[in-house]
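See below for the structure under consideration.
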Amino acid sequence: MKSKVLMIIFGSVVTLGIFSLVLAPSGLAAEKGREVNVLYFNDAHEISPVVNEYGNRGEVARLKTAIDMVKEENKHTVVTFGGDLGGGTLFGGVFKGFPMVEAFNKIPIDLASFGQHDFDFGSEVTEELVEQSDFQWISSNLTDTEGNPFADVPRYYVENLQGIKIGFIGLTDGMGTTTQDGKVIQQDIIESAQAAVDLLEENENTDIIIALTQQPQENNMALLDAVPEIDAILSEEMYEAKSTIYNHNGKYIMTPEGNMGSVIQLKVVKHKQDVTFFPEVIRVNGEVEEDPELKELEDYYEAKLSEMMDETIAELRTDLVYGENHESRFQETNIGNFIADSFMTYYNADIGFMNGGGIRSSVEAGDFTLRDAYSILPFGNKVMLVELTGETIAKALENGVSNVESLSGRFLQVSGISYTYDSRELVGERVQSILIDGAPIDFEQTYRVALPNFMYFGGDGYDMLADAEVMVDDNSARTDVEVLIEYVEELGVIEPFVEGRIQVLP
């Protein structure tokens with residue numbers, strides 16, 4: 001591995017950490033060495049612009065223009081995507097990422113690594129996304145049950161531009177927060193990274209190695225410390241509307257905005273034996289002109305979505321409130337009751353559970369449409385029916401309140417059961433009382449529980465459910481949004497309230 005000197009040119013960026021900066025004019029690199037570009041973006045749940053309090057950002061038509069502008073200046077450019085194609089939004093939930101693959105094929109991009117949300121609809125859908133991609137997917141740590149790379153994708157990728165050989169590895173964390181179908185194993189991040197780096201050094205004479213990661217900042221720093229052969233990290237967004245460039249012991253960790261609001265441009269310049277990095281940020285906002293072909297693709301899918309989603313299926317007489325402060329992740333909400341009731345009713349179960357993090361939208365009173373249903377539950381989880389002992393139910397409730405301080409998505413909205421918790425108590429001792437049909441829970445009794453397969457397969461720490469007696473498995477079950485839609489159609493009128501199912505102390 002060659003020695004490197006790190007230098008920065010700033011775009012619109014948040015810099016994290018304190019470090020010495022060497023500033024250079026943009027033309028200096030080209031004058032003194034061979035220059036290539038690495039472009040990176042992620043978080044592609046929406047094909048069209050995202051318009052919210054942070055402005056008008058994202059969109060594949062603008063993204064293509066931004067990428068083309070860089071390529072016009074320097075054709076020696078590799079375009080990389082860090083993951084998360086589907087789920088998380090109405091558009092992502094309905095189309096499961098396939099329009100984004102179609103758009104990326106047209107841009108085109110060169111390389112992609114997986115985010116956990118690429119598995120929100122099961123590994124078979126992910127494999128279909130890979131098959132339809134004209135670009136290369138990689139993963140250094142996701143395997144099948146036999147230890148082979150998931151979907152037979154390579155463990156690394158090498159791009160040779162102007163004689164500069166760049167090795168890429170792909171690392172995905174957080175698989176416990178997506179659909180668990182037992183077919184994808186998340187191997188240890190650091191061990192997998194080291195193994196992939198060893199393969200690169202054994203088989204390729206690379207000048208630099210870049211990791212594409214989906215993991216928190218502290219884990220990225222630990223990765224650089226543990227695997228010194230990695231020269232830079234391009235990772236998932238830290239902020240909705242901010243890009244970051246962080247210097248960790250002389251190496252960069254760079255993240256773009258959420259919702260494709262920016263692209264990280266890493267200029268790589270080789271001067272004889274030395275390689276220099278120049279990170280910049282390219283904003284993807286309303287100031288960027290839309291590519292006509294990609295805009296036509298957007299319009300097609302938005303029209304298709306509207307046609308499918310705008311059918312009224314019930315009257316909503318009260319706002320369904322998820323909460324501006326994510327209240328469904330720490331207290332009872334009427335939308336949480338509504339969803340949990342639909343699960344319990346569908347199976348005529350004793351209890352219905354819904355993890356608060358799976359609820360993604362509020363809905364105003366008025367006509368309730370398919371669009372509303374999909375915006376509330378965009379992930380397409382299956383509603384399973386299992387038998388749990390009272391003891392296991394108590395453990396599940398404790399897990400649900402174990403991290404309310406951080407607004408963890410594991411918090412449980414419930415039906416058929418009520419409970420009281422106190423976050424001042426130690427984790428594992430926070431639930432103070434549990435009632436089922438007004439009577440104290442019987443820890444020895446078995447109860448029929450309707451819940452998302454995400455929870456059953458251990459998502460968000462629900463490992464205690466693994467030994468449940470399965471009455472309806474995920475292969476036979478319907479999706480959560482289908483169950484919700486059927487419940488809504490039967491009701492005709494929706495008017496859920498907060499009823500005191502969850503009491504928060506003090």
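If you're wondering about the labels, chains in the structure tokens are A, B, ... by order shown, residues count from 1 in each chain, ligands from 1 in order shown.
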Applying 6 Å and only C-alpha atoms, which residues near segment 324-331 of chain A remain after dropping the ones on its own chain fewer than 3 positions away? List them as a list in words. Gly356, Val404, Leu407, Gly409 and Phe411 of chain A
List the neighbours of segment 93-95 of chain A out to 12 Å using only C-alpha atoms; skip same-chain residues closer than 4 positions along the sequence, and give me the result as a PyMOL selection string. chain A and resi 45-47+84-89+99-102+117-121+125+129+301-302+304-306+308-309+358+360+370-381+479-482
Requested write-out: C-alpha atoms of the selected residues, as a tab-separated table (two decimals), in the first residue's frame:
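Output file result-v3.tsv follows:
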chain	number	residue	atom	x	y	z
A	45	HIS	CA	-36.19	5.39	-1.04
A	46	GLU	CA	-37.79	8.03	-3.30
A	47	ILE	CA	-37.45	8.39	-7.07
A	84	ASP	CA	-31.14	1.31	0.87
A	85	LEU	CA	-33.32	1.11	-2.23
A	86	GLY	CA	-36.74	0.19	-0.87
A	87	GLY	CA	-38.89	0.31	2.23
A	88	GLY	CA	-39.17	3.20	4.65
A	89	THR	CA	-41.52	5.33	2.51
A	99	PRO	CA	-37.74	1.60	-10.12
A	100	MET	CA	-34.53	2.76	-8.46
A	101	VAL	CA	-32.57	-0.09	-10.04
A	102	GLU	CA	-34.09	0.89	-13.39
A	117	HIS	CA	-33.41	-1.78	4.04
A	118	ASP	CA	-32.59	-3.59	0.81
A	119	PHE	CA	-33.84	-6.67	2.68
A	120	ASP	CA	-37.10	-5.19	3.99
A	121	PHE	CA	-39.15	-7.43	1.69
A	125	VAL	CA	-36.74	-9.73	-3.45
A	129	LEU	CA	-32.99	-6.50	-7.40
A	301	TYR	CA	-43.91	5.81	-11.69
A	302	GLU	CA	-45.56	8.68	-9.82
A	304	LYS	CA	-48.68	4.67	-11.57
A	305	LEU	CA	-48.47	5.15	-7.82
A	306	SER	CA	-51.29	7.69	-7.80
A	308	MET	CA	-52.98	2.60	-7.44
A	309	MET	CA	-53.10	4.49	-4.19
A	358	GLY	CA	-42.45	0.12	12.00
A	360	ARG	CA	-43.87	5.51	9.56
A	370	LEU	CA	-54.67	2.84	0.11
A	371	ARG	CA	-51.97	5.49	-0.02
A	372	ASP	CA	-52.54	6.21	3.67
A	373	ALA	CA	-52.31	2.53	4.58
A	374	TYR	CA	-49.05	2.05	2.70
A	375	SER	CA	-47.56	5.23	4.13
A	376	ILE	CA	-48.25	3.96	7.66
A	377	LEU	CA	-46.83	0.47	7.03
A	378	PRO	CA	-44.37	0.65	4.11
A	379	PHE	CA	-42.12	-2.30	4.96
A	380	GLY	CA	-44.36	-5.19	3.94
A	381	ASN	CA	-43.74	-7.31	7.04
A	479	THR	CA	-48.47	-8.57	4.88
A	480	ASP	CA	-49.17	-6.06	7.63
A	481	VAL	CA	-50.60	-3.51	5.21
A	482	GLU	CA	-52.93	-6.12	3.69
Would you list, as a ChimeraX atom specification, the residues of segment 76-131 of chain A that end up in strand (DSSP E or B) under DSSP run on this structure's backbone? /A:77-81,111-113
Write out, as JSON lines, each residue of segment 189-273 of chain A that has an atom at most 8 Å from segment 136-145 of chain A, together with the closest pair of atoms and their distance in Å to one decimal, counting only C-alpha atoms, rows going by chain and rising number.
{"residue": "A:Ile189", "atom": "CA", "partner": "A:Asn141", "partner_atom": "CA", "distance": 6.3}
{"residue": "A:Ser192", "atom": "CA", "partner": "A:Asn141", "partner_atom": "CA", "distance": 5.2}
{"residue": "A:Ala193", "atom": "CA", "partner": "A:Ser140", "partner_atom": "CA", "distance": 6.4}
{"residue": "A:Ala196", "atom": "CA", "partner": "A:Ser140", "partner_atom": "CA", "distance": 6.2}
Mind checking which residues fall within 8 Å of Glu364 of chain A, counting only C-alpha atoms, ignoring those fewer than 6 positions away in the same chain, and posting them as an MDAnalysis selection string? chainID A and resid 316 318:320
For the residues in that selection, give me N, CA and C atoms as an mmCIF file, in the first residue's frame.
data_model
loop_
_atom_site.group_PDB
_atom_site.id
_atom_site.type_symbol
_atom_site.label_atom_id
_atom_site.label_comp_id
_atom_site.auth_asym_id
_atom_site.auth_seq_id
_atom_site.Cartn_x
_atom_site.Cartn_y
_atom_site.Cartn_z
ATOM 1 N N LEU A 316 -62.066 8.329 7.896
ATOM 2 C CA LEU A 316 -61.249 8.507 9.094
ATOM 3 C C LEU A 316 -61.768 9.730 9.852
ATOM 4 N N THR A 318 -60.867 10.795 12.996
ATOM 5 C CA THR A 318 -59.916 11.454 13.884
ATOM 6 C C THR A 318 -58.518 11.275 13.316
ATOM 7 N N ASP A 319 -57.653 12.239 13.533
ATOM 8 C CA ASP A 319 -56.279 12.110 13.048
ATOM 9 C C ASP A 319 -55.613 10.877 13.649
ATOM 10 N N LEU A 320 -54.896 10.156 12.827
ATOM 11 C CA LEU A 320 -54.035 9.079 13.310
ATOM 12 C C LEU A 320 -52.670 9.702 13.560
#
